[in-house]
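Below is the file final.cif, which contains mmCIF, C-alpha atoms.
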```cif
data_model
#
loop_
_atom_site.label_atom_id
_atom_site.label_comp_id
_atom_site.auth_asym_id
_atom_site.auth_seq_id
_atom_site.Cartn_x
_atom_site.Cartn_y
_atom_site.Cartn_z
CA MET Z 205 0.00 0.00 0.00
CA PHE Z 206 0.94 3.65 -0.50
CA THR Z 207 3.55 3.15 -3.19
CA GLN Z 208 3.63 6.62 -4.72
CA ASN Z 209 6.10 6.77 -7.60
CA LYS Z 210 6.66 10.00 -9.48
CA CYS Z 211 5.82 10.26 -13.18
CA LEU Z 212 8.53 8.92 -15.52
CA VAL Z 213 8.75 12.33 -17.21
CA HIS Z 214 11.74 13.75 -15.36
CA TYR Z 215 10.35 17.28 -14.87
CA CYS Z 216 6.85 16.16 -13.84
CA ARG Z 217 6.01 16.10 -10.14
CA ASN Z 218 2.66 14.27 -10.52
CA LEU Z 219 2.11 10.85 -9.03
CA ALA Z 220 2.47 7.92 -11.38
CA LEU Z 221 -0.55 5.75 -12.10
CA SER Z 222 -0.79 2.12 -11.05
CA THR Z 223 0.60 -0.57 -13.31
CA PHE Z 224 -0.56 -4.14 -13.81
CA ASP Z 225 1.27 -7.37 -14.47
CA LYS Z 226 0.31 -9.93 -17.13
CA ASP Z 227 -2.12 -11.54 -14.69
CA GLY Z 228 -3.90 -8.23 -14.05
CA ASN Z 229 -2.49 -7.67 -10.56
CA ILE Z 230 -1.40 -4.22 -9.32
CA THR Z 231 2.39 -3.80 -9.26
CA ASP Z 232 4.80 -1.18 -7.90
CA ASP Z 233 6.45 -0.58 -11.29
CA LYS Z 234 7.14 2.98 -12.39
CA ASN Z 235 4.71 4.62 -14.80
CA TYR Z 236 3.50 7.93 -16.21
CA CYS Z 237 0.91 10.24 -14.66
CA LEU Z 238 -2.46 10.79 -16.31
CA ASP Z 239 -1.12 13.85 -18.18
CA HIS Z 240 1.69 11.89 -19.82
CA ILE Z 241 0.45 8.32 -20.14
CA PRO Z 242 0.44 7.38 -23.85
CA ASP Z 243 -3.15 6.11 -23.96
CA PRO Z 244 -5.29 7.57 -21.15
CA GLY Z 245 -8.47 6.15 -22.68
CA LYS Z 246 -7.13 2.60 -22.46
CA PHE Z 247 -5.89 3.18 -18.91
CA LYS Z 248 -9.34 4.37 -17.84
CA ALA Z 249 -10.98 1.34 -19.46
CA ASP Z 250 -8.48 -0.97 -17.72
CA ILE Z 251 -9.21 0.65 -14.34
CA TYR Z 252 -12.96 0.36 -14.81
CA LYS Z 253 -12.53 -3.31 -15.72
CA TYR Z 254 -10.24 -3.97 -12.77
CA ILE Z 255 -12.67 -2.40 -10.30
CA ALA Z 256 -15.62 -4.28 -11.80
CA GLU Z 257 -13.79 -7.61 -11.45
CA HIS Z 258 -12.45 -7.15 -7.91
CA ASP Z 259 -14.34 -6.72 -4.65
CA LYS Z 260 -11.17 -5.97 -2.65
CA ILE Z 261 -8.76 -3.40 -4.09
CA VAL Z 262 -5.41 -2.65 -2.45
CA GLY Z 263 -2.88 0.08 -3.28
CA LEU Z 264 -4.55 1.43 -6.42
CA ASN Z 265 -3.33 4.87 -7.60
CA VAL Z 266 -5.51 6.63 -10.17
CA SER Z 267 -4.77 10.28 -9.39
CA GLY Z 268 -6.67 12.70 -11.62
CA LEU Z 269 -8.95 10.12 -13.24
CA LEU Z 270 -12.59 10.89 -14.09
CA PHE Z 271 -15.13 8.38 -12.77
CA SER Z 272 -18.62 8.61 -14.19
CA ASP Z 273 -21.66 6.33 -13.95
CA ILE Z 274 -19.75 3.49 -12.28
CA ASP Z 275 -21.08 1.40 -9.41
CA LEU Z 276 -18.66 1.06 -6.48
CA SER Z 277 -21.22 -0.48 -4.14
CA ASN Z 278 -19.93 -3.16 -1.77
CA LYS Z 279 -16.32 -2.64 -2.90
CA LYS Z 280 -13.47 -2.60 -0.36
CA PHE Z 281 -10.57 -0.17 -0.90
CA PHE Z 282 -7.37 -0.33 1.15
CA GLY Z 283 -4.58 2.24 0.84
CA CYS Z 284 -5.82 3.59 -2.49
CA THR Z 285 -5.05 7.06 -3.88
CA PHE Z 286 -7.77 9.06 -5.66
CA THR Z 287 -6.17 12.50 -5.35
CA ASN Z 288 -7.68 15.10 -7.73
CA CYS Z 289 -10.14 12.58 -9.16
CA THR Z 290 -13.61 13.63 -10.31
CA PHE Z 291 -16.63 11.47 -9.45
CA ASN Z 292 -19.88 12.14 -11.33
CA ASN Z 293 -23.12 10.30 -10.57
CA ILE Z 294 -21.38 7.54 -8.61
CA SER Z 295 -23.28 4.98 -6.56
CA SER Z 296 -21.14 3.49 -3.81
CA SER Z 297 -23.48 2.17 -1.13
CA ASN Z 298 -21.85 -0.06 1.48
CA VAL Z 299 -18.37 0.82 0.22
CA LEU Z 300 -15.52 0.21 2.68
CA LEU Z 301 -12.56 2.62 2.79
CA ARG Z 302 -9.40 2.10 4.81
CA MET Z 303 -6.54 4.61 4.73
CA CYS Z 304 -7.54 5.93 1.31
CA ILE Z 305 -6.73 9.39 -0.04
CA PHE Z 306 -9.34 11.50 -1.86
CA ASP Z 307 -7.62 14.85 -1.35
CA PHE Z 308 -8.90 17.64 -3.66
CA ALA Z 309 -11.30 15.25 -5.40
CA ILE Z 310 -14.62 16.51 -6.81
CA PHE Z 311 -17.89 14.67 -6.11
CA ASN Z 312 -21.08 15.54 -8.00
CA ASP Z 313 -24.38 13.71 -7.37
CA CYS Z 314 -22.71 10.81 -5.56
CA SER Z 315 -24.01 8.36 -2.97
CA PHE Z 316 -21.97 6.86 -0.12
CA ILE Z 317 -25.01 5.63 1.81
CA LYS Z 318 -24.13 3.07 4.51
CA SER Z 319 -20.43 3.44 3.76
CA ASN Z 320 -17.68 2.58 6.24
CA SER Z 321 -14.62 4.82 6.34
CA LEU Z 322 -11.61 4.69 8.68
CA PHE Z 323 -8.44 6.81 8.56
CA THR Z 324 -9.44 8.16 5.14
CA SER Z 325 -8.68 11.67 3.88
CA PHE Z 326 -11.00 13.89 1.81
CA SER Z 327 -8.99 17.05 2.56
CA GLY Z 328 -9.78 19.93 0.19
CA ALA Z 329 -12.45 17.93 -1.67
CA THR Z 330 -15.66 19.44 -3.08
CA PHE Z 331 -19.02 17.71 -2.54
CA THR Z 332 -22.18 18.74 -4.41
CA HIS Z 333 -25.42 16.79 -3.87
CA THR Z 334 -23.47 14.01 -2.15
CA LEU Z 335 -24.93 11.64 0.44
CA PHE Z 336 -23.01 10.05 3.32
CA THR Z 337 -26.17 9.15 5.24
CA SER Z 338 -26.27 6.18 7.64
CA SER Z 339 -22.49 5.76 7.44
CA ASP Z 340 -19.64 5.03 9.85
CA ILE Z 341 -16.96 7.66 9.16
CA ILE Z 342 -14.39 7.25 11.90
CA GLN Z 343 -11.24 9.34 12.36
CA SER Z 344 -11.41 10.62 8.81
CA ASN Z 345 -10.22 13.95 7.44
CA PHE Z 346 -12.60 16.46 5.82
CA ASN Z 347 -10.42 19.50 6.53
CA GLY Z 348 -10.92 22.33 4.05
CA ILE Z 349 -13.73 20.65 2.14
CA LYS Z 350 -16.54 22.49 0.38
CA ALA Z 351 -19.91 20.78 0.76
CA TYR Z 352 -23.06 22.03 -0.98
CA GLN Z 353 -26.51 20.50 -0.50
CA SER Z 354 -25.02 17.33 0.93
CA SER Z 355 -25.95 15.09 3.86
CA PHE Z 356 -24.16 13.21 6.64
CA ASP Z 357 -27.43 12.43 8.45
CA ASP Z 358 -27.64 9.43 10.80
CA SER Z 359 -23.88 8.85 10.64
CA ASP Z 360 -21.15 8.13 13.18
CA LEU Z 361 -18.47 10.82 12.73
CA PHE Z 362 -16.42 9.95 15.78
CA SER Z 363 -13.13 11.88 15.90
CA SER Z 364 -13.42 13.09 12.30
CA ARG Z 365 -12.21 16.56 11.35
CA PHE Z 366 -13.97 19.33 9.42
CA ILE Z 367 -11.46 22.07 10.24
CA ALA Z 368 -11.76 25.14 7.97
CA ALA Z 369 -14.53 23.42 5.99
CA THR Z 370 -17.14 25.40 4.06
CA LEU Z 371 -20.54 23.81 4.64
CA THR Z 372 -23.58 25.16 2.79
CA ASP Z 373 -27.11 23.71 2.94
CA THR Z 374 -25.58 20.57 4.40
CA SER Z 375 -27.06 18.39 7.11
CA PHE Z 376 -25.55 16.56 10.11
CA ARG Z 377 -28.80 15.47 11.76
CA ASN Z 378 -28.82 12.65 14.29
CA CYS Z 379 -25.05 12.18 14.04
CA ASN Z 380 -22.51 11.04 16.61
CA LEU Z 381 -20.13 14.01 16.75
CA LYS Z 382 -18.06 12.88 19.73
CA LYS Z 383 -14.53 14.33 19.42
CA SER Z 384 -15.26 15.66 15.92
CA LEU Z 385 -13.68 19.04 15.10
CA PHE Z 386 -15.41 21.87 13.25
CA TYR Z 387 -13.34 24.84 14.35
CA ASP Z 388 -12.71 27.65 11.89
CA SER Z 389 -15.45 26.22 9.65
CA LYS Z 390 -17.86 28.38 7.64
CA ARG Z 391 -21.43 27.16 8.02
CA SER Z 392 -24.53 28.40 6.19
CA ASN Z 393 -27.92 26.76 6.69
CA VAL Z 394 -26.37 23.73 8.38
CA SER Z 395 -28.47 21.50 10.63
CA PHE Z 396 -27.13 19.54 13.63
CA LYS Z 397 -30.58 18.62 14.93
CA MET Z 398 -30.54 15.66 17.36
CA SER Z 399 -26.72 15.42 17.18
CA ASN Z 400 -24.51 15.52 20.28
CA THR Z 401 -22.89 18.87 19.48
CA ARG Z 402 -21.67 19.34 23.07
CA GLU Z 403 -19.18 16.53 22.50
CA ALA Z 404 -17.77 18.19 19.36
CA LEU Z 405 -15.66 21.32 19.04
CA PHE Z 406 -16.86 24.43 17.24
CA THR Z 407 -15.62 28.01 17.12
CA PRO Z 408 -17.38 31.04 15.65
CA GLU Z 409 -16.57 31.95 12.07
CA GLY Z 410 -13.40 33.94 11.69
CA LYS Z 411 -12.21 33.22 15.24
CA THR Z 412 -8.91 31.49 15.79
CA PRO Z 413 -9.38 28.85 18.49
CA LEU Z 414 -7.60 29.64 21.72
CA GLU Z 415 -6.14 26.98 23.97
CA LYS Z 416 -9.00 27.40 26.43
CA ASP Z 417 -11.49 26.69 23.61
CA LEU Z 418 -9.83 23.42 22.59
CA SER Z 419 -11.69 21.18 24.97
CA PHE Z 420 -14.71 19.03 24.29
CA GLY Z 421 -17.94 19.88 26.03
CA ASN Z 422 -17.33 23.61 25.44
CA SER Z 423 -18.87 23.78 21.99
CA ILE Z 424 -19.97 27.00 20.37
CA VAL Z 425 -22.50 26.60 17.57
CA ASP Z 426 -23.48 29.99 16.21
CA GLY Z 427 -25.91 30.62 13.42
CA ASP Z 428 -26.70 26.94 12.86
CA ARG Z 429 -30.00 25.21 13.22
CA LEU Z 430 -29.93 22.76 16.08
#
```
Translate this file's structure into C-alpha cells.
Amino acid sequence: MFTQNKCLVHYCRNLALSTFDKDGNITDDKNYCLDHIPDPGKFKADIYKYIAEHDKIVGLNVSGLLFSDIDLSNKKFFGCTFTNCTFNNISSSNVLLRMCIFDFAIFNDCSFIKSNSLFTSFSGATFTHTLFTSSDIIQSNFNGIKAYQSSFDDSDLFSSRFIAATLTDTSFRNCNLKKSLFYDSKRSNVSFKMSNTREALFTPEGKTPLEKDLSFGNSIVDGDRL
C-alpha cells in the first residue's frame, strides 16, 4: 500500500498511475501520470474493468482520473489514492474505505449511503449533492472541504475533522459528533438537529481557536439550526 512513484517524465512532479502485471495484478512498477500516459483512454478502461472484477482493491493509484456512472457499491478499498479525481453520478453504497486518499477530489451527485470509512482523507475535496447518510466515518479527514446540499445524516463521525470546511445547505442530523472538530469552519444553513454537538468542538466563524477553547464539552455553535 501507498507506493507513490513520481511520473517517468523527469520534470513532472505528478504521481504515477498504477501498473498491472500480465495476470492483471497491481504492481509497484514505475509509470506515467495521467497527463503523460500514452493512452489515457485505455488506462481508464483498464481501471474500470479492474474495479468491476475485484471486490477488494489494495494500493490502487488513479490520481486525476474521471469516474462517471460506475457502481462502487460493496467494494473494499485499502490504501488507495484518488487525489484530484472527479466522481460524477457515482453509486457506492456499502463501500468500505481504509486509509484511502481522496484529497482535492470533486464529487457531484454521488451516494456513499451506509459506507464505512476509517483513517481516510478527503482534505480539500468538493461535494455537491453528495450523500453520506447512515455511514460510519471514523477518524477521517474532511479539513478544508466544500460541501453544498449534501448530507451526513444518521452517521457516526467519531473523531473526524472538518477544520476550515465550508458547509452550505448541508445536514448533520442525528449524528454522533463525539470528538469531531469543526473549528474555523464556515457554516450556512447547516443542521445539527438531534446530534450531540456538546461533545464536538466548534468556534465562531473567523475566530482562531484559543487553547482554552480546545476542549470538548465547550462547543460554540453559532448561526446553525440545532
* Point out the residue among Z:Tyr254, Z:Tyr215, Z:Ile305, Z:Cys379 with the least atom-to-atom distance to Asp227 (chain Z), counting all atoms listed in the file. => Z:Tyr254
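Among the candidate residues Z:Ile342, Z:Ile317, Z:Met303, Z:Cys289, the one lying nearest to Asp358 (chain Z) is Z:Ile317, with distances computed using only C-alpha atoms.
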* Taking the file as shown, what set of residues would the PyMOL selection byres ((chain Z and resi 208) around 10) give back, as a list in words? -> Met205, Phe206, Thr207, Asn209, Lys210, Cys211, Asn218, Leu219, Ala220, Leu221, Ser222, Asp232, Lys234, Gly263, Leu264, Asn265 and Thr285 of chain Z
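For the choices Z:Ser327, Z:Asn229, Z:Asn293, Z:Ser359, the atom-to-atom distance to Lys260 (chain Z) is smallest for Z:Asn229 when using only C-alpha atoms.
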* Asked: Rounded to one decimal in Å, what is the spacing between CA of Ser296 (chain Z) and CA of Asn278 (chain Z)?
  -> 7.1 Å
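Using all atoms listed in the file, the shortest contact distance between Ser384 (chain Z) and any of Z:Arg402, Z:Lys318, Z:Lys226, Z:His214 is found at Z:Arg402.
CA of Leu371 (chain Z) is positioned 4.8 Å from CA of Arg391 (chain Z).
Considering only C-alpha atoms, the residue among Z:Phe386, Z:Phe396, Z:Phe281, Z:Phe291 positioned nearest to Phe356 (chain Z) is Z:Phe396.
Going from CA of Ser395 (chain Z) to CA of Asn288 (chain Z) covers 28.5 Å.
Nearest residue to Gly328 (chain Z) among Z:Asn378, Z:Asn298, Z:Ser363, Z:Thr287 is Z:Thr287, counting all atoms listed in the file.
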Evaluating the PyMOL selection byres ((chain Z and resi 239) around 12) on the displayed file yields which residues, as a PDB file with C-alpha atoms, in the coordinates of the input?
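What landed in out37.pdb:
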```pdb
ATOM      1  CA  CYS Z 211       5.820  10.260 -13.180  1.00  0.00           C
ATOM      2  CA  LEU Z 212       8.530   8.920 -15.520  1.00  0.00           C
ATOM      3  CA  VAL Z 213       8.750  12.330 -17.210  1.00  0.00           C
ATOM      4  CA  CYS Z 216       6.850  16.160 -13.840  1.00  0.00           C
ATOM      5  CA  ARG Z 217       6.010  16.100 -10.140  1.00  0.00           C
ATOM      6  CA  ASN Z 218       2.660  14.270 -10.520  1.00  0.00           C
ATOM      7  CA  LEU Z 219       2.110  10.850  -9.030  1.00  0.00           C
ATOM      8  CA  ALA Z 220       2.470   7.920 -11.380  1.00  0.00           C
ATOM      9  CA  LEU Z 221      -0.550   5.750 -12.100  1.00  0.00           C
ATOM     10  CA  ASN Z 235       4.710   4.620 -14.800  1.00  0.00           C
ATOM     11  CA  TYR Z 236       3.500   7.930 -16.210  1.00  0.00           C
ATOM     12  CA  CYS Z 237       0.910  10.240 -14.660  1.00  0.00           C
ATOM     13  CA  LEU Z 238      -2.460  10.790 -16.310  1.00  0.00           C
ATOM     14  CA  HIS Z 240       1.690  11.890 -19.820  1.00  0.00           C
ATOM     15  CA  ILE Z 241       0.450   8.320 -20.140  1.00  0.00           C
ATOM     16  CA  PRO Z 242       0.440   7.380 -23.850  1.00  0.00           C
ATOM     17  CA  ASP Z 243      -3.150   6.110 -23.960  1.00  0.00           C
ATOM     18  CA  PRO Z 244      -5.290   7.570 -21.150  1.00  0.00           C
ATOM     19  CA  GLY Z 245      -8.470   6.150 -22.680  1.00  0.00           C
ATOM     20  CA  PHE Z 247      -5.890   3.180 -18.910  1.00  0.00           C
ATOM     21  CA  VAL Z 266      -5.510   6.630 -10.170  1.00  0.00           C
ATOM     22  CA  SER Z 267      -4.770  10.280  -9.390  1.00  0.00           C
ATOM     23  CA  GLY Z 268      -6.670  12.700 -11.620  1.00  0.00           C
ATOM     24  CA  LEU Z 269      -8.950  10.120 -13.240  1.00  0.00           C
TER      25      LEU Z 269
END
```
Taking the file as shown, find all residues satisfying the PyMOL selection byres ((chain Z and resi 355) around 8) and write them as a compact mmCIF listing (two decimals) with C-alpha atoms, keeping the file's coordinate frame.
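Below is the file expr07.txt, written as the result:
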```txt
# COMPACT_ATOMS: atom_id res chain seq x y z
CA HIS Z 333 -25.42 16.79 -3.87
CA THR Z 334 -23.47 14.01 -2.15
CA LEU Z 335 -24.93 11.64 0.44
CA PHE Z 336 -23.01 10.05 3.32
CA THR Z 337 -26.17 9.15 5.24
CA GLN Z 353 -26.51 20.50 -0.50
CA SER Z 354 -25.02 17.33 0.93
CA PHE Z 356 -24.16 13.21 6.64
CA ASP Z 357 -27.43 12.43 8.45
CA THR Z 374 -25.58 20.57 4.40
CA SER Z 375 -27.06 18.39 7.11
CA PHE Z 376 -25.55 16.56 10.11
```
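Excluding Ser344 (chain Z) itself and any same-chain residue fewer than 4 positions from it, the protein and nucleic acid residues within 9 Å of it, counting all atoms listed in the file, are Met303, Ser321, Leu322, Phe323, Thr324, Ser325, Phe326, Leu361, Phe362, Ser363, Ser364 and Arg365 of chain Z.
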Can I get the selection written as a compact mmCIF listing (two decimals), in the coordinates of the input, with C-alpha atoms?
```
# COMPACT_ATOMS: atom_id res chain seq x y z
CA MET Z 303 -6.54 4.61 4.73
CA SER Z 321 -14.62 4.82 6.34
CA LEU Z 322 -11.61 4.69 8.68
CA PHE Z 323 -8.44 6.81 8.56
CA THR Z 324 -9.44 8.16 5.14
CA SER Z 325 -8.68 11.67 3.88
CA PHE Z 326 -11.00 13.89 1.81
CA LEU Z 361 -18.47 10.82 12.73
CA PHE Z 362 -16.42 9.95 15.78
CA SER Z 363 -13.13 11.88 15.90
CA SER Z 364 -13.42 13.09 12.30
CA ARG Z 365 -12.21 16.56 11.35
```
